[in-house]
Number of protein chains: 6
Amino acid sequence: MVRIGFLKMGNIATAPMIELLLDERAEREDMEVRVVSSGANMGGKQSEDVAKLMVSLQPQLVFITSPNASTKGPTKARETVAAAGIPLVVVSDGPKSLLEELGQKGMGGMIIEADSMIGARREFLDPIEMALFNADVIKVLSVTGVYNIVYETVDKLIEQLKRGEKPELPLMSVSREKAIRAAGFTNPYAEAKATAAYEIAKRVSSITVDACFKEKDWEVYTAMCAAAHEMMRTASLLADEAREIEKFGDNVLRKPHYDDGSYLRKRKLKEKPIK
Amino acid sequence: MVRIGFLKMGNIATAPMIELLLDERAEREDMEVRVVSSGANMGGKQSEDVAKLMVSLQPQLVFITSPNASTKGPTKARETVAAAGIPLVVVSDGPKSLLEELGQKGMGGMIIEADSMIGARREFLDPIEMALFNADVIKVLSVTGVYNIVYETVDKLIEQLKRGEKPELPLMSVSREKAIRAAGFTNPYAEAKATAAYEIAKRVSSITVDACFKEKDWEVYTAMCAAAHEMMRTASLLADEAREIEKFGDNVLRKPHYDDGSYLRKRKLKEKPIK
Amino acid sequence: MVRIGFLKMGNIATAPMIELLLDERAEREDMEVRVVSSGANMGGKQSEDVAKLMVSLQPQLVFITSPNASTKGPTKARETVAAAGIPLVVVSDGPKSLLEELGQKGMGGMIIEADSMIGARREFLDPIEMALFNADVIKVLSVTGVYNIVYETVDKLIEQLKRGEKPELPLMSVSREKAIRAAGFTNPYAEAKATAAYEIAKRVSSITVDACFKEKDWEVYTAMCAAAHEMMRTASLLADEAREIEKFGDNVLRKPHYDDGSYLRKRKLKEKPIK
Amino acid sequence: MVRIGFLKMGNIATAPMIELLLDERAEREDMEVRVVSSGANMGGKQSEDVAKLMVSLQPQLVFITSPNASTKGPTKARETVAAAGIPLVVVSDGPKSLLEELGQKGMGGMIIEADSMIGARREFLDPIEMALFNADVIKVLSVTGVYNIVYETVDKLIEQLKRGEKPELPLMSVSREKAIRAAGFTNPYAEAKATAAYEIAKRVSSITVDACFKEKDWEVYTAMCAAAHEMMRTASLLADEAREIEKFGDNVLRKPHYDDGSYLRKRKLKEKPIK
Amino acid sequence: MVRIGFLKMGNIATAPMIELLLDERAEREDMEVRVVSSGANMGGKQSEDVAKLMVSLQPQLVFITSPNASTKGPTKARETVAAAGIPLVVVSDGPKSLLEELGQKGMGGMIIEADSMIGARREFLDPIEMALFNADVIKVLSVTGVYNIVYETVDKLIEQLKRGEKPELPLMSVSREKAIRAAGFTNPYAEAKATAAYEIAKRVSSITVDACFKEKDWEVYTAMCAAAHEMMRTASLLADEAREIEKFGDNVLRKPHYDDGSYLRKRKLKEKPIK
Amino acid sequence: MVRIGFLKMGNIATAPMIELLLDERAEREDMEVRVVSSGANMGGKQSEDVAKLMVSLQPQLVFITSPNASTKGPTKARETVAAAGIPLVVVSDGPKSLLEELGQKGMGGMIIEADSMIGARREFLDPIEMALFNADVIKVLSVTGVYNIVYETVDKLIEQLKRGEKPELPLMSVSREKAIRAAGFTNPYAEAKATAAYEIAKRVSSITVDACFKEKDWEVYTAMCAAAHEMMRTASLLADEAREIEKFGDNVLRKPHYDDGSYLRKRKLKEKPIK
């Protein structure tokens with residue numbers, strides 16, 4: 001029984017699903033999960049506190065999710081975990097440049113570039129708009145193969161730990177090419193639409209970063225936030241359309257986990273998944 | 001500074017968003033959040049473990065989210081928290097009948113009836129299908145007002161704690177009427193579509209419960225799971241349509257949190273939110 | 001030449017199409033149809049009058065369509081027809097419990113559970129809204145296989161009469177499983193969407209019955225009627241989507257009647273139907 | 001109490017709804033309806049039989065619905081009714097030229113030009129396709145104002161009979177202009193879309209008439225039937241879009257009947273209809 | 001190297017794309033194109049001027065595009081080109097009757113009947129509405145096979161010129177049958193939807209001609225123009241749906257030009273085109 | 001009477017509409033337009049030839065449209081026109097950096113950044129795909145205000161020439177902000193969707209440039225072209241949705257040209273445009 005920790009601070013759309021992706025029907029018997037989070041807050045003190053708590057649980061491997069992993073809170077958190085000698089993998093929307101540093105320190109890193117920043121301005125973002133944006137990003141990350149890469153990477157590390165090996169921590173930016181390949185489309189237009197959805201989703205952060213950190217005129221940044229969320233909504237609908245194409249051809253790829261953490265695999269809805 | 005705990009085991013679609021709904025832009029300064037979870041697993045031992053961990057953090061109030069709160073794990077969890085003298089509120093998809101028992105024990109409870117069970121069969125549910133279902137439910141719960149009730153209820157308790165009062169723990173089933181009212185639609189057809197989305201979403205569990213616990217023929221239960229997820233996808237699209245109507249009239253209600261936890265309020269996109 | 005009577009009072013969405021389903025191109029030479037109706041009115045006196053008229057036409061078999069077949073008018077009508085010694089089949093949206101009584105009296109019965117009640121409130125229902133609701137229900141009943149069961153059941157009885165046999169009157173509730181099977185989908189997601197459409201359509205009556213008979217506040221029941229019709233509109237669009245999937249795969253099942261009342265059968269649009 | 005007869009043979013999409021349009025909630029107390037039909041069959045002998053039956057019921061006014069009213073069956077039917085001295089109005093999809101003859105004989109006539117002929121070829125039309133086409137035409141005729149003209153014309157005649165006056169029988173072709181005006185749109189683009197839907201629906205018959213009566217090559221006429229039904233499906237979706245626009249503005253015109261046959265009127269969903 | 005001239009006056013939706021259709025990737029080496037146009041203006045003097053300019057360029061074949069080719073400007077233009085002894089083909093939306101006259105004069109002609117007239121009324125048509133209408137017609141003409149006929153006809157003439165033959169000038173009305181066949185659909189419902197789109201597009205001009213030349217009441221003709229453009233928008237969306245069906249089956253026909261002006265051909269997206 | 005020349009080589013989606021935008025109903029009497037083009041070909045020799053031809057027509061101002069204006073053909077063309085002393089404005093999709101050089105040479109320039117490059121690979125682009133892409137870009141440029149800026153800029157120059165002034169040649173990159181402002185939306189969500197459409201359209205070229213000039217693997221670049229065109233199709237649908245919102249509110253801005261080249265203006269469909 002491997003114990004995996006998920007340490008979360010702030011929110012990216014990969015975070016709320018990440019541990020669930022590993023055990024979608026709660027049937028796995030080969031591992032144990034612990035999640036600890038400080039909620040939306042990703043300040044230095046709070047991040048350090050939750051990191052210490054995580055360390056106290058003695059996980060064999062910790063994934064640390066947060067937006068912008070170069071800021072103070074996430075940095076404190078990984079220092080704390082690393083200081084305890086626990087292997088860790090940073091999962092964030094950026095910056096890509098951090099990967100090199102992580103590698104040098106023996107940490108792993110996954111940059112999810114399509115997990116774009118939300119339009120976090122008070123004139124625009126209320127709890128409902130926040131949740132809707134997350135729902136849209138979850139759709140995009142699911143259909144376009146990003147989540148496939150996330151859970152397959154985590155599962156591989158778990159397998160290594162189960163075999164008693166030292167985990168080979170990943171250092172990767174989840175790119176469009178890798179994600180789409182992992183999604184396993186059979187219809188090339190489904191793939192094209194998913195690719196388009198991915199590109200649109202990824203582009204969202206270029207608008208939201210400007211809206212949140214550069215633009216000062218509230219009417220302008222409010223309009224920018226609204227446009228950015230319309231882009232993500234469109235990406236979500238396009239991703240959905242891609243999946244519908246695979247449904248229309250009865251070719252949806254399904255890779256359910258088996259109890260032992262391995263994958264089964266199927267395409268036709270009315271067939272049994274096989275190893 | 002109030003400290004609130006969220007103790008999660010298993011998954012309902014309310015769970016991944018609940019603490020984020022309280023502080024959508026990570027700007028609040030009046031409270032501190034701690035989340036602890038055992039991931040998808042909601043077994044008795046695991047639930048007790050995370051409950052103990054939560055107790056050790058000394059929160060002033062704990063929300064315990066899980067599917068079917070009458071099962072062993074969630075029961076253990078609330079007993080553990082209650083034994084430590086910490087006020088708690090159960091947040092679950094059912095059963096409604098539990099509310100009475102919770103009340104008698106001085107615990108709070110919120111039953112989110114539209115947060116229907118997923119189609120958890122190995123022939124159907126893989127990580128991607130799981131995430132997509134969650135995205136759809138999140139859309140429905142956001143637009144139809146369910147999340148409004150959730151965070152307004154939590155915020156009210158936080159206010160009581162901030163004022164040094166004993167929190168008045170809620171005992172409620174979030175019904176269609178309450179939810180739709182909380183959503184604050186201006187256009188009556190937006191309201192009608194959201195109401196329809198709510199009803200469809202709520203109905204999903206009647207199919208999935210049969211598919212997961214009663215039906216034995218795998219071809220039949222696989223088809224039932226697929227139909228149930230199509231219902232939720234439809235509910236999600238209908239909810240989205242309801243929100244679009246409010247956009248078309250520039251009447252979307254936004255209630256962003258202010259730093260002190262109070263709400264601002266606005267309708268027109270290009271206006272400032274006010275208290 | 002067999003003579004079949006259709007006695008209609010009040011309206012369910014099965015009624016306007018029922019006799020047309022038997023002879024979609026007006027080419028049959030093996031039977032003769034007579035329809036008699038009192039229009040929307042289903043009062044006792046009117047129902048009895050039209051029943052007597054039907055009896056005077058000496059049909060060999062009579063189908064009596066109405067909403068709620070346990071009310072006075074439909075009851076009078078079937079008593080009148082039965083008193084004349086003519087075999088009859090009740091076709092209604094309910095109640096299911098009536099089937100037992102019908103069976104005991106030697107009558108047949110078909111309960112069409114997805115043919116949900118309309119939102120019959122003056123503040124909501126005008127002639128146009130009524131017609132639109134019927135169009136939506138007709139779509140749902142067509143695509144989800146309900147009409148297949150209806151006309152195949154009637155055709156079977158006609159065959160028995162043509163062979164000089166005593167008709168074996170059906171006693172059935174048209175369930176989701178039977179209907180969907182009769183629809184003959186090839187794509188499992190088309191089937192799943194049709195199943196979802198069926199479930200949504202069936203659920204409509206739970207709202208409309210409350211709106212029409214229980215709720216007293218006109219603003220509330222008007223909103224409920226509107227929501228119920230949105231549900232049916234959604235079910236109709238979902239049914240249409242199911243059929244489109246079959247079109248996309250060129251797999252629409254067509255079973256046109258031949259002159260002698262038998263069925264031909266085809267899938268590809270550009271192929272000849274065969275026996 | 002006025003007694004109105006509806007004599008139906010064959011089917012046009014106006015026929016299944018016509019008497020229901022007069023009393024959408026079955027609450028009228030000022031009139032009595034009798035419907036008699038020979039089903040899909042519109043042969044001479046059958047039409048004469050049902051016409052005699054109708055005469056025996058002594059209605060004060062009879063509406064005779066059928067496709068192509070210049071064919072033998074409908075002609076026989078109206079001669080039979082007229083011979084009994086009962087005023088009658090022909091309701092048909094054509095030919096327009098018949099109106100003059102009807103006028104000369106003292107009969108009324110309504111030509112519903114958008115109620116286009118179905119694609120009645122055995123290789124294409126089965127019971128389900130037939131019902132779906134009818135659902136689409138019903139949507140178009142409802143939204144574009146055609147049904148408004150139909151029931152308002154009938155109601156006016158009933159009023160005349162109630163006042164003991166001789167009914168002024170209409171001689172009209174229901175044109176696009178009249179229909180759209182009757183629909184009472186407030187948004188000009190809703191009106192434009194409804195107008196477009198009307199034009200498309202009307203155009204359908206030019207394809208189906210060729211497909212059914214001129215074209216001999218079965219592959220060609222099957223394709224033509226399919227194209228014609230796609231046109232009607234598109235017209236139906238466009239009509240639906242027109243109504244949605246009025247919903248988005250909360251401006252749907254509703255004119256429910258009052259018990260005495262007069263109309264109430266409303267626009268906002270949450271307002272009471274008034275005289 | 002063959003030199004082809006395109007002489008344009010006024011605008012039909014075939015005109016902006018016609019020369020581009022011949023060399024979609026600008027790779028052809030077997031011909032040279034010259035386009036000369038007077039813009040929207042198609043007056044006599046202007047048309048004559050541009051025709052003279054075209055003559056001065058000494059093309060081996062000239063295509064003259066304009067609306068209504070029987071008006072003064074286009075007539076002058078073709079007289080001017082013909083007087084110089086240059087073979088010419090008229091490409092216009094009508095009138096069909098002109099084809100006979102063109103044939104007698106040794107000229108070619110292509111009447112594109114689905115290239116319907118725009119709603120050219122000042123109360124309705126501004127530059128943006130004009131461009132949007134053109135975009136819609138271009139979609140329809142592309143998907144329904146009209147453009148296939150256009151460029152294949154032109155290419156055939158170019159081949160004849162390349163071989164030093166006298167070009168056999170076409171005299172054709174591009175009908176629905178020819179166009180749809182040229183589009184090469186594999187799915188019969190894609191074909192049916194494209195056929196429906198074609199018919200709707202073609203019907204548009206019957207509304208716009210009335211709106212522009214007959215109707216005097218500005219409120220009426222403005223509404224007619226709006227309805228006509230809604231028809232074209234609908235036709236465009238339907239054409240798009242037809243192409244999507246072919247994408248869903250991965251059967252889109254692609255016939256890219258090769259450098260030498262011949263065609264390659266492919267269906268699957270991920271296959272190489274072959275001769 | 002001012003004479004304006006449009007010299008076109010190669011194709012961007014602004015080119016086929018540019019002169020038509022100036023005179024959408026062919027009613028202007030204050031100017032004369034001459035278009036000369038070498039079709040898809042934009043080679044050096046061909047470009048020079050058509051430029052000389054344009055010079056021979058003695059226009060007072062020339063617009064030179066082409067893709068990538070820094071390549072040989074367009075460069076030759078503007079040198080030729082400039083050498084004749086005729087003021088000119090380059091209209092291209094890039095590069096932006098050219099603007100400085102143009103300014104230094106006394107030429108004008110407009111860079112239309114959303115007019116993204118097409119997916120010009122033989123395995124993907126055939127005449128039909130090319131035309132469909134253009135239709136999509138035309139929709140985006142129309143709705144998002146890009147065409148408004150184009151024709152208003154040209155009209156302003158014409159006005160200067162009409163007044164006998166030296167035209168003030170523009171040097172501008174048409175940015176998102178300028179374009180959206182020019183589109184004049186009233187609904188902020190229409191604006192947000194149009195903004196999103198613009199951003200998506202603009203992003204297309206980053207994919208197509210890679211696909212056409214960098215990527216060597218044909219399977220990869222074919223997939224990239226397909227994805228890029230799906231992005232543009234999505235942008236087009238989103239732009240259309242933005243306009244629909246304005247229709248739903250009856251707020252579409254229309255600015256038809258008057259005979260003298262000035263603009264009229266209106267919002268409500270059923271109102272007269274005024275100066």
# chains A, B, ... in the order shown; residues from 1 in each chain; ligands from 1
>>> interface_residues(of="chain B", to="chain F", cutoff="7 Å", atoms="only C-alpha atoms", output="JSON, numbers by chain")
{"B": [247, 248, 250, 269]}
>>> write_last_selection(atoms="C-alpha atoms", output="short mmCIF file (atom, residue, chain, number, x, y, z; two decimals), in the first residue's frame")
data_model
loop_
_atom_site.label_atom_id
_atom_site.label_comp_id
_atom_site.auth_asym_id
_atom_site.auth_seq_id
_atom_site.Cartn_x
_atom_site.Cartn_y
_atom_site.Cartn_z
CA LYS B 247 -26.29 37.41 -20.67
CA PHE B 248 -28.44 38.33 -23.66
CA ASP B 250 -27.16 41.83 -19.57
CA LEU B 269 -21.49 43.68 -16.76
#
>>> residues_around(residues="Ile274 of chain B", least_positions_apart="3", cutoff="7 Å", atoms="only C-alpha atoms", output="list in words")
Leu264, Arg265 and Lys266 of chain B
>>> residues_around(residues="segment 222-226 of chain E", least_positions_apart="6", cutoff="7 Å", atoms="only C-alpha atoms", output="PyMOL selection string")
(chain D and resi 192) or (chain E and resi 119+123-124+207-208+211)
>>> atom_distance(atom1="atom CA of Val220 of chain E", atom2="atom CA of Leu171 of chain D")
24.5 Å
>>> select_by_dssp(residues="segment 49-106 of chain D", states="helix (DSSP H, G or I)", output="mmCIF file with C-alpha atoms, in the first residue's frame")
data_model
loop_
_atom_site.group_PDB
_atom_site.id
_atom_site.type_symbol
_atom_site.label_atom_id
_atom_site.label_comp_id
_atom_site.auth_asym_id
_atom_site.auth_seq_id
_atom_site.Cartn_x
_atom_site.Cartn_y
_atom_site.Cartn_z
ATOM 1 C CA ASP D 49 -69.518 7.312 -45.671
ATOM 2 C CA VAL D 50 -67.917 9.515 -43.063
ATOM 3 C CA ALA D 51 -69.633 12.543 -44.542
ATOM 4 C CA LYS D 52 -73.011 10.855 -44.127
ATOM 5 C CA LEU D 53 -72.126 9.997 -40.582
ATOM 6 C CA MET D 54 -71.255 13.605 -39.915
ATOM 7 C CA VAL D 55 -74.530 14.763 -41.414
ATOM 8 C CA SER D 56 -76.373 12.437 -39.085
ATOM 9 C CA LYS D 72 -62.663 12.670 -55.494
ATOM 10 C CA GLY D 73 -62.988 11.866 -51.801
ATOM 11 C CA PRO D 74 -63.013 15.386 -50.422
ATOM 12 C CA THR D 75 -65.287 16.465 -53.264
ATOM 13 C CA LYS D 76 -67.799 13.743 -52.450
ATOM 14 C CA ALA D 77 -67.593 14.652 -48.800
ATOM 15 C CA ARG D 78 -68.455 18.289 -49.282
ATOM 16 C CA GLU D 79 -71.213 17.509 -51.730
ATOM 17 C CA THR D 80 -72.754 15.199 -49.159
ATOM 18 C CA VAL D 81 -72.567 17.764 -46.386
ATOM 19 C CA ALA D 82 -73.789 20.562 -48.609
ATOM 20 C CA ALA D 83 -76.704 18.445 -49.827
ATOM 21 C CA LEU D 98 -60.578 25.729 -55.763
ATOM 22 C CA LEU D 99 -61.501 28.765 -53.687
ATOM 23 C CA GLU D 100 -63.405 30.352 -56.528
ATOM 24 C CA GLU D 101 -65.508 27.255 -57.110
ATOM 25 C CA LEU D 102 -66.176 26.897 -53.394
ATOM 26 C CA GLY D 103 -67.322 30.495 -53.252
ATOM 27 C CA GLN D 104 -69.689 30.010 -56.145
#
>>> atom_distance(atom1="atom CA of Val62 of chain E", atom2="atom CA of Val89 of chain E")
6.3 Å
>>> select_by_dssp(residues="segment 124-260 of chain E", states="strand (DSSP E)", output="MDAnalysis selection string")
chainID E and resid 171:174
>>> write_last_selection(atoms="C-alpha atoms", output="PDB file, in the first residue's frame")
ATOM      1  CA  LEU E 171     -24.144  26.820 -71.923  1.00  0.00           C
ATOM      2  CA  MET E 172     -25.539  25.655 -68.669  1.00  0.00           C
ATOM      3  CA  SER E 173     -27.745  26.448 -65.808  1.00  0.00           C
ATOM      4  CA  VAL E 174     -26.136  25.006 -62.697  1.00  0.00           C
TER       5      VAL E 174
END
>>> residues_around(residues="segment 128-131 of chain F", least_positions_apart="5", cutoff="8 Å", atoms="only C-alpha atoms", output="NGL selection string")
(:E and (17 or 21 or 24 or 138-139 or 142-143 or 147-148 or 254)) or (:F and (118))
>>> atom_distance(atom1="atom CA of Asn68 of chain F", atom2="atom CA of Ile18 of chain E")
21.9 Å
